[in-house]
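Asks: Below is the file protein17.cif, with mmCIF, C-alpha atoms.
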```cif
data_final
loop_
_atom_site.group_PDB
_atom_site.id
_atom_site.type_symbol
_atom_site.label_atom_id
_atom_site.label_comp_id
_atom_site.auth_asym_id
_atom_site.auth_seq_id
_atom_site.Cartn_x
_atom_site.Cartn_y
_atom_site.Cartn_z
ATOM 1 C CA MET Q 1 131.896 -133.543 218.983
ATOM 2 C CA TYR Q 2 128.637 -134.982 220.357
ATOM 3 C CA PHE Q 3 127.519 -131.555 221.587
ATOM 4 C CA PHE Q 4 127.763 -130.216 218.028
ATOM 5 C CA LEU Q 5 126.207 -133.394 216.614
ATOM 6 C CA LYS Q 6 123.146 -132.874 218.819
ATOM 7 C CA ASN Q 7 122.810 -129.349 217.473
ATOM 8 C CA LEU Q 8 123.245 -130.599 213.909
ATOM 9 C CA SER Q 9 120.590 -133.299 214.398
ATOM 10 C CA PHE Q 10 118.146 -130.763 215.818
ATOM 11 C CA LEU Q 11 118.943 -128.459 212.876
ATOM 12 C CA ASP Q 12 118.173 -131.229 210.379
ATOM 13 C CA ILE Q 13 114.789 -131.850 212.020
ATOM 14 C CA CYS Q 14 113.977 -128.119 211.915
ATOM 15 C CA PHE Q 15 115.314 -127.756 208.363
ATOM 16 C CA ILE Q 16 113.102 -130.463 206.897
ATOM 17 C CA SER Q 17 110.111 -129.376 209.022
ATOM 18 C CA VAL Q 18 110.031 -125.968 207.336
ATOM 19 C CA THR Q 19 109.088 -127.249 203.868
ATOM 20 C CA ILE Q 20 107.790 -130.839 203.973
ATOM 21 C CA PRO Q 21 104.677 -130.515 206.238
ATOM 22 C CA LYS Q 22 103.201 -127.685 204.151
ATOM 23 C CA SER Q 23 103.966 -129.612 200.972
ATOM 24 C CA PHE Q 24 102.166 -132.695 202.342
ATOM 25 C CA ILE Q 25 99.150 -130.631 203.393
ATOM 26 C CA ASN Q 26 98.928 -129.042 199.931
ATOM 27 C CA SER Q 27 99.186 -132.472 198.292
ATOM 28 C CA LEU Q 28 96.393 -133.909 200.450
ATOM 29 C CA MET Q 29 94.168 -130.881 199.828
ATOM 30 C CA ASN Q 30 95.096 -130.733 196.116
ATOM 31 C CA SER Q 31 96.194 -127.136 196.588
ATOM 32 C CA GLN Q 32 99.279 -125.064 195.739
ATOM 33 C CA ALA Q 33 98.455 -122.045 197.912
ATOM 34 C CA ILE Q 34 100.469 -120.522 200.717
ATOM 35 C CA SER Q 35 99.621 -117.304 202.534
ATOM 36 C CA PHE Q 36 101.882 -114.260 202.361
ATOM 37 C CA GLN Q 37 102.676 -114.556 206.078
ATOM 38 C CA GLY Q 38 103.344 -118.270 205.610
ATOM 39 C CA CYS Q 39 105.753 -117.552 202.755
ATOM 40 C CA VAL Q 40 107.598 -114.932 204.836
ATOM 41 C CA SER Q 41 107.990 -117.265 207.818
ATOM 42 C CA GLN Q 42 108.983 -120.187 205.586
ATOM 43 C CA LEU Q 43 111.727 -118.168 203.889
ATOM 44 C CA PHE Q 44 112.976 -116.797 207.225
ATOM 45 C CA PHE Q 45 113.316 -120.204 208.902
ATOM 46 C CA PHE Q 46 114.693 -121.878 205.767
ATOM 47 C CA LEU Q 47 117.497 -119.306 205.363
ATOM 48 C CA SER Q 48 118.152 -119.258 209.101
ATOM 49 C CA PHE Q 49 118.639 -123.031 209.302
ATOM 50 C CA ILE Q 50 120.812 -123.111 206.158
ATOM 51 C CA GLU Q 51 123.059 -120.372 207.531
ATOM 52 C CA THR Q 52 123.253 -121.967 210.987
ATOM 53 C CA GLU Q 53 124.070 -125.412 209.577
ATOM 54 C CA LEU Q 54 126.877 -123.992 207.441
ATOM 55 C CA VAL Q 55 128.417 -122.345 210.509
ATOM 56 C CA PHE Q 56 128.035 -125.523 212.579
ATOM 57 C CA LEU Q 57 129.755 -127.618 209.908
ATOM 58 C CA THR Q 58 132.642 -125.129 209.947
ATOM 59 C CA ILE Q 59 132.821 -125.259 213.752
ATOM 60 C CA MET Q 60 132.867 -129.061 213.641
ATOM 61 C CA ALA Q 61 135.819 -128.952 211.231
ATOM 62 C CA TYR Q 62 137.659 -126.772 213.762
ATOM 63 C CA ASP Q 63 136.681 -129.212 216.524
ATOM 64 C CA ARG Q 64 138.152 -132.137 214.549
ATOM 65 C CA TYR Q 65 141.290 -130.122 213.807
ATOM 66 C CA ILE Q 66 141.925 -129.422 217.502
ATOM 67 C CA ALA Q 67 141.121 -133.034 218.499
ATOM 68 C CA ILE Q 68 143.593 -134.554 216.029
ATOM 69 C CA CYS Q 69 146.309 -131.910 215.653
ATOM 70 C CA ASN Q 70 146.331 -130.664 219.288
ATOM 71 C CA PRO Q 71 144.875 -133.536 221.341
ATOM 72 C CA LEU Q 72 146.590 -132.535 224.599
ATOM 73 C CA HIS Q 73 145.013 -129.066 224.502
ATOM 74 C CA TYR Q 74 141.590 -130.245 223.304
ATOM 75 C CA THR Q 75 139.781 -130.120 226.653
ATOM 76 C CA VAL Q 76 141.235 -126.677 227.356
ATOM 77 C CA ILE Q 77 140.418 -125.087 223.971
ATOM 78 C CA VAL Q 78 137.100 -126.815 223.247
ATOM 79 C CA ASN Q 79 135.615 -126.632 226.736
ATOM 80 C CA LYS Q 80 131.940 -126.412 227.658
ATOM 81 C CA THR Q 81 131.928 -122.599 227.741
ATOM 82 C CA ALA Q 82 133.566 -122.344 224.316
ATOM 83 C CA CYS Q 83 131.102 -124.865 222.845
ATOM 84 C CA CYS Q 84 128.110 -122.934 224.198
ATOM 85 C CA LYS Q 85 129.470 -119.625 222.881
ATOM 86 C CA LEU Q 86 130.128 -121.090 219.427
ATOM 87 C CA ALA Q 87 126.668 -122.685 219.307
ATOM 88 C CA CYS Q 88 124.918 -119.482 220.411
ATOM 89 C CA GLY Q 89 126.904 -117.490 217.859
ATOM 90 C CA ALA Q 90 125.894 -119.893 215.082
ATOM 91 C CA TRP Q 91 122.176 -119.770 215.958
ATOM 92 C CA LEU Q 92 122.182 -115.986 216.471
ATOM 93 C CA GLY Q 93 124.152 -115.288 213.292
ATOM 94 C CA GLY Q 94 121.829 -117.465 211.233
ATOM 95 C CA GLY Q 95 118.774 -115.696 212.618
ATOM 96 C CA VAL Q 96 120.138 -112.179 212.029
ATOM 97 C CA TYR Q 97 121.273 -112.916 208.463
ATOM 98 C CA SER Q 98 117.946 -114.561 207.648
ATOM 99 C CA ALA Q 99 115.932 -111.655 209.090
ATOM 100 C CA LEU Q 100 117.858 -109.131 206.987
ATOM 101 C CA ASN Q 101 117.583 -111.228 203.833
ATOM 102 C CA THR Q 102 113.880 -111.943 204.309
ATOM 103 C CA ALA Q 103 113.050 -108.286 204.989
ATOM 104 C CA SER Q 104 115.032 -107.191 201.915
ATOM 105 C CA THR Q 105 113.380 -109.801 199.660
ATOM 106 C CA PHE Q 106 109.822 -108.931 200.667
ATOM 107 C CA SER Q 107 110.471 -105.194 200.318
ATOM 108 C CA LEU Q 108 110.458 -105.760 196.542
ATOM 109 C CA PRO Q 109 107.248 -105.231 194.519
ATOM 110 C CA PHE Q 110 105.853 -108.484 193.076
ATOM 111 C CA CYS Q 111 104.031 -108.837 189.753
ATOM 112 C CA GLY Q 112 102.810 -112.400 190.261
ATOM 113 C CA SER Q 113 101.716 -114.869 192.912
ATOM 114 C CA LEU Q 114 102.712 -118.282 191.469
ATOM 115 C CA ILE Q 115 105.981 -119.704 192.794
ATOM 116 C CA ASN Q 116 107.344 -122.437 190.538
ATOM 117 C CA GLN Q 117 108.538 -124.477 193.537
ATOM 118 C CA PHE Q 118 107.021 -126.309 196.486
ATOM 119 C CA PHE Q 119 108.319 -123.786 199.052
ATOM 120 C CA CYS Q 120 109.316 -120.103 199.235
ATOM 121 C CA ASP Q 121 112.954 -119.455 198.352
ATOM 122 C CA ILE Q 122 114.869 -116.399 197.128
ATOM 123 C CA PRO Q 123 115.392 -117.340 193.411
ATOM 124 C CA PRO Q 124 111.685 -117.984 192.618
ATOM 125 C CA LEU Q 125 110.659 -114.900 194.614
ATOM 126 C CA LEU Q 126 113.132 -112.711 192.699
ATOM 127 C CA LYS Q 127 111.660 -114.028 189.430
ATOM 128 C CA LEU Q 128 108.273 -112.657 190.563
ATOM 129 C CA SER Q 129 109.695 -109.210 191.288
ATOM 130 C CA CYS Q 130 108.613 -106.310 189.070
ATOM 131 C CA SER Q 131 111.950 -104.554 189.508
ATOM 132 C CA HIS Q 132 115.602 -105.382 189.783
ATOM 133 C CA PRO Q 133 116.756 -106.456 193.249
ATOM 134 C CA HIS Q 134 117.623 -103.570 195.557
ATOM 135 C CA ILE Q 135 121.255 -102.926 196.361
ATOM 136 C CA SER Q 136 120.648 -104.275 199.883
ATOM 137 C CA GLU Q 137 119.419 -107.625 198.540
ATOM 138 C CA THR Q 138 122.389 -107.846 196.158
ATOM 139 C CA VAL Q 139 124.794 -107.091 199.017
ATOM 140 C CA LEU Q 140 123.179 -109.734 201.263
ATOM 141 C CA ILE Q 141 123.333 -112.388 198.538
ATOM 142 C CA ALA Q 142 126.978 -111.493 197.837
ATOM 143 C CA PHE Q 143 127.702 -111.654 201.573
ATOM 144 C CA GLY Q 144 126.106 -115.123 201.765
ATOM 145 C CA ILE Q 145 128.196 -116.365 198.834
ATOM 146 C CA CYS Q 146 131.390 -114.922 200.345
ATOM 147 C CA GLU Q 147 130.614 -116.494 203.712
ATOM 148 C CA ALA Q 148 130.003 -119.886 202.091
ATOM 149 C CA LEU Q 149 133.340 -119.610 200.250
ATOM 150 C CA CYS Q 150 135.148 -118.607 203.457
ATOM 151 C CA CYS Q 151 133.612 -121.533 205.365
ATOM 152 C CA PHE Q 152 134.570 -123.906 202.551
ATOM 153 C CA ALA Q 153 138.139 -122.547 202.546
ATOM 154 C CA PHE Q 154 138.371 -122.884 206.360
ATOM 155 C CA ILE Q 155 137.090 -126.479 206.222
ATOM 156 C CA THR Q 156 139.502 -127.336 203.389
ATOM 157 C CA VAL Q 157 142.530 -125.905 205.219
ATOM 158 C CA SER Q 158 141.480 -127.687 208.435
ATOM 159 C CA TYR Q 159 141.314 -131.044 206.671
ATOM 160 C CA ILE Q 160 144.641 -130.501 204.925
ATOM 161 C CA HIS Q 161 146.226 -130.129 208.390
ATOM 162 C CA ILE Q 162 144.170 -133.058 209.734
ATOM 163 C CA PHE Q 163 145.162 -135.470 206.962
ATOM 164 C CA SER Q 164 148.819 -134.442 207.162
ATOM 165 C CA ALA Q 165 148.715 -135.140 210.911
ATOM 166 C CA VAL Q 166 146.900 -138.462 210.471
ATOM 167 C CA LEU Q 167 149.423 -139.708 207.899
ATOM 168 C CA LYS Q 168 152.182 -139.146 210.479
ATOM 169 C CA ILE Q 169 150.537 -141.579 212.927
ATOM 170 C CA SER Q 170 152.675 -144.702 213.016
ATOM 171 C CA SER Q 171 149.990 -147.313 213.777
ATOM 172 C CA VAL Q 172 147.493 -148.357 211.127
ATOM 173 C CA GLU Q 173 144.769 -148.699 213.790
ATOM 174 C CA GLY Q 174 145.341 -145.104 214.913
ATOM 175 C CA ARG Q 175 145.100 -143.794 211.357
ATOM 176 C CA LEU Q 176 141.887 -145.722 210.712
ATOM 177 C CA LYS Q 177 140.345 -144.438 213.947
ATOM 178 C CA ALA Q 178 141.208 -140.838 213.046
ATOM 179 C CA PHE Q 179 139.850 -141.228 209.517
ATOM 180 C CA SER Q 180 136.628 -142.840 210.791
ATOM 181 C CA THR Q 181 136.094 -139.797 213.035
ATOM 182 C CA CYS Q 182 136.536 -137.309 210.189
ATOM 183 C CA LEU Q 183 134.979 -139.015 207.165
ATOM 184 C CA PRO Q 184 131.300 -138.712 208.272
ATOM 185 C CA HIS Q 185 131.698 -134.966 208.813
ATOM 186 C CA LEU Q 186 133.543 -134.536 205.523
ATOM 187 C CA THR Q 187 130.800 -136.485 203.704
ATOM 188 C CA VAL Q 188 128.084 -134.306 205.254
ATOM 189 C CA VAL Q 189 129.974 -131.131 204.257
ATOM 190 C CA MET Q 190 130.346 -132.318 200.658
ATOM 191 C CA LEU Q 191 126.668 -133.294 200.511
ATOM 192 C CA PHE Q 192 125.472 -129.987 201.985
ATOM 193 C CA LEU Q 193 127.675 -127.701 199.891
ATOM 194 C CA GLY Q 194 127.428 -129.865 196.780
ATOM 195 C CA THR Q 195 123.631 -129.889 196.680
ATOM 196 C CA GLY Q 196 123.474 -126.149 197.426
ATOM 197 C CA ILE Q 197 125.995 -125.212 194.721
ATOM 198 C CA PHE Q 198 124.327 -127.519 192.193
ATOM 199 C CA SER Q 199 120.876 -126.085 192.903
ATOM 200 C CA TYR Q 200 121.732 -122.378 192.991
ATOM 201 C CA MET Q 201 124.359 -122.354 190.233
ATOM 202 C CA MET Q 202 122.555 -124.404 187.593
ATOM 203 C CA PRO Q 203 120.659 -122.434 184.897
ATOM 204 C CA THR Q 204 117.007 -121.725 185.698
ATOM 205 C CA SER Q 205 114.528 -123.884 183.853
ATOM 206 C CA ASP Q 206 110.977 -123.176 182.696
ATOM 207 C CA SER Q 207 110.037 -126.790 183.464
ATOM 208 C CA ALA Q 208 108.027 -126.934 186.688
ATOM 209 C CA PHE Q 209 108.929 -130.604 187.232
ATOM 210 C CA LYS Q 210 112.655 -129.937 186.838
ATOM 211 C CA GLN Q 211 112.495 -127.011 189.266
ATOM 212 C CA TYR Q 212 110.596 -129.229 191.713
ATOM 213 C CA LEU Q 213 113.262 -131.962 191.527
ATOM 214 C CA VAL Q 214 116.065 -129.446 192.075
ATOM 215 C CA ALA Q 215 114.269 -127.961 195.093
ATOM 216 C CA VAL Q 216 113.731 -131.415 196.605
ATOM 217 C CA PHE Q 217 117.364 -132.291 195.917
ATOM 218 C CA TYR Q 218 118.879 -129.571 198.093
ATOM 219 C CA SER Q 219 116.118 -129.061 200.671
ATOM 220 C CA VAL Q 220 115.339 -132.706 201.515
ATOM 221 C CA MET Q 221 118.405 -134.804 200.695
ATOM 222 C CA PRO Q 222 120.963 -133.389 203.221
ATOM 223 C CA PRO Q 223 118.757 -133.606 206.358
ATOM 224 C CA LEU Q 224 117.487 -137.012 205.223
ATOM 225 C CA ILE Q 225 120.914 -138.564 204.623
ATOM 226 C CA ASN Q 226 122.914 -136.883 207.433
ATOM 227 C CA PRO Q 227 121.573 -139.190 210.211
ATOM 228 C CA ILE Q 228 122.353 -142.243 208.067
ATOM 229 C CA ILE Q 229 125.935 -141.087 207.487
ATOM 230 C CA TYR Q 230 126.629 -140.525 211.183
ATOM 231 C CA SER Q 231 124.778 -143.698 212.222
ATOM 232 C CA LEU Q 232 127.168 -145.825 210.156
ATOM 233 C CA ARG Q 233 129.832 -145.114 212.800
ATOM 234 C CA ASN Q 234 127.792 -147.234 215.219
ATOM 235 C CA GLN Q 235 129.011 -150.851 215.211
ATOM 236 C CA GLU Q 236 125.542 -152.303 215.865
ATOM 237 C CA ILE Q 237 124.034 -150.407 212.926
ATOM 238 C CA LYS Q 238 126.905 -151.599 210.721
ATOM 239 C CA MET Q 239 126.176 -155.199 211.730
ATOM 240 C CA ALA Q 240 122.432 -154.773 211.149
ATOM 241 C CA LEU Q 241 123.067 -153.236 207.717
ATOM 242 C CA GLY Q 242 125.417 -156.111 206.882
ATOM 243 C CA ARG Q 243 122.721 -158.650 207.819
ATOM 244 C CA VAL Q 244 120.162 -156.881 205.633
ATOM 245 C CA LEU Q 245 122.543 -156.765 202.664
ATOM 246 C CA ARG Q 246 123.469 -160.452 203.076
ATOM 247 C CA LYS Q 247 119.771 -161.358 203.215
ATOM 248 C CA ILE Q 248 119.087 -159.438 200.012
ATOM 249 C CA LEU Q 249 122.035 -161.078 198.249
ATOM 250 C CA LEU Q 250 120.928 -164.565 199.348
ATOM 251 C CA GLN Q 251 117.377 -163.896 198.146
ATOM 252 C CA ARG Q 252 118.649 -162.715 194.754
ATOM 253 C CA LYS Q 253 120.880 -165.789 194.520
ATOM 254 C CA ALA Q 254 117.975 -168.114 195.393
ATOM 255 C CA MET Q 255 115.801 -166.463 192.724
ATOM 256 C CA GLY Q 256 118.578 -166.754 190.158
ATOM 257 C CA ILE Q 257 118.881 -162.988 189.710
ATOM 258 C CA PRO Q 258 122.427 -161.945 188.657
ATOM 259 C CA PHE Q 259 124.314 -159.573 190.980
#
```
Using the file provided, produce a representation of the structure as structure tokens.

Replies:
Amino acid sequence: MYFFLKNLSFLDICFISVTIPKSFINSLMNSQAISFQGCVSQLFFFLSFIETELVFLTIMAYDRYIAICNPLHYTVIVNKTACCKLACGAWLGGGVYSALNTASTFSLPFCGSLINQFFCDIPPLLKLSCSHPHISETVLIAFGICEALCCFAFITVSYIHIFSAVLKISSVEGRLKAFSTCLPHLTVVMLFLGTGIFSYMMPTSDSAFKQYLVAVFYSVMPPLINPIIYSLRNQEIKMALGRVLRKILLQRKAMGIPF
């Protein structure tokens, strides 16, 4: 579990580093420009990290399934070699899919140069295209959607087996320990898929501010909140958070502010 968590943490750092630094630089320089090469590289890394994170979240669901449903075989099935192979496959698959998608997107002719978003992504780039997307781009987008649905189905089936196994545990302490292991991952999955589905499925808007908020929602929120979700499993962080909340409540009570 911690091997995959390290990969996921590194992915979150890379994911947010693709878009935010350039956005900050443009804000400081009061500019909205990005070079063609910069847009290509930004789209490539953004798609690569999204694809890789989706695969890692699916692998982590499988890891939790083996740990809870087949605990005696866990060290045999999920050994160091298997973990390295799964991780390499996730990184390589994300890179290959992103390279194909990026090459297909930028093979289209563009009629404009203004992207109504703070980073390069497929939907705003397709809106700038002078022609309909090529069959290759349509196939790649369809493949990405199908893969996301397959990963979601695999995660759902894994957790159905996990929860059925957890409910059979006789001790309350054992059930709580199993749930505490799974809930952070399940929360991260729901956050990642939920923000992506909301952003890509909602109708396109002509409002630049609305498009900006949507882009921030799915490109910044998951990598920002993921470390917080997993950190709440740490007892010391729980105690520190409890102290902060108690301090805030006492201050509000002293100031006569209703809860």

Asks: With a distance cut-off of 9 Å and only C-alpha atoms, select the neighbouring residues of range 65-78 of chain Q, excluding the residue or stretch itself and same-chain residues fewer than 5 positions from it, and output the selection as a compact mmCIF listing (two decimals) with C-alpha atoms, in the frame of the given file.

Replies:
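Saved the output as around_14.txt:
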```
# COMPACT_ATOMS: atom_id res chain seq x y z
CA MET Q 60 132.87 -129.06 213.64
CA CYS Q 83 131.10 -124.86 222.84
CA SER Q 158 141.48 -127.69 208.44
CA TYR Q 159 141.31 -131.04 206.67
CA HIS Q 161 146.23 -130.13 208.39
CA ILE Q 162 144.17 -133.06 209.73
CA ALA Q 165 148.72 -135.14 210.91
CA VAL Q 166 146.90 -138.46 210.47
CA ALA Q 178 141.21 -140.84 213.05
```

Asks: List every residue of range 147-195 of chain Q that has an atom at most 12 Å from any atom of range 2-16 of chain Q, and for each one report the closest atom pair and its distance in Å to one decimal, counting all atoms listed in the file, with rows sorted by chain and then by increasing residue number, as a tab-separated table.

Replies:
```
residue	atom	partner	partner_atom	distance
Q:Thr181	CA	Q:Tyr2	CA	11.5
Q:Pro184	CA	Q:Leu5	CA	11.1
Q:His185	CA	Q:Leu5	CA	9.7
Q:Val188	CA	Q:Leu8	CA	10.6
Q:Val189	CA	Q:Leu8	CA	11.8
Q:Phe192	CA	Q:Asp12	CA	11.2
```

Asks: Just how far from CA of Ile50 in chain Q is CA of Cys151 in chain Q, in Å to one decimal?

Replies: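 Atom-to-atom, CA of Cys151 in chain Q and CA of Ile50 in chain Q are spaced 12.9 Å apart.
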
Asks: Taking the file as shown, what set of residues would the PyMOL selection byres ((chain Q and resi 101-105) around 7) give back, as a PyMOL selection string?

Replies: chain Q and resi 40+43-44+97-100+106-108+136-137+140

Asks: If we count only C-alpha atoms, what is near range 118-126 of chain Q at a cut-off of 7 Å, once residues fewer than 6 positions away on the same chain are taken out, given as a list in words?

Replies: Thr19, Ser23, Cys39, Gln42, Leu43 and Tyr212 of chain Q
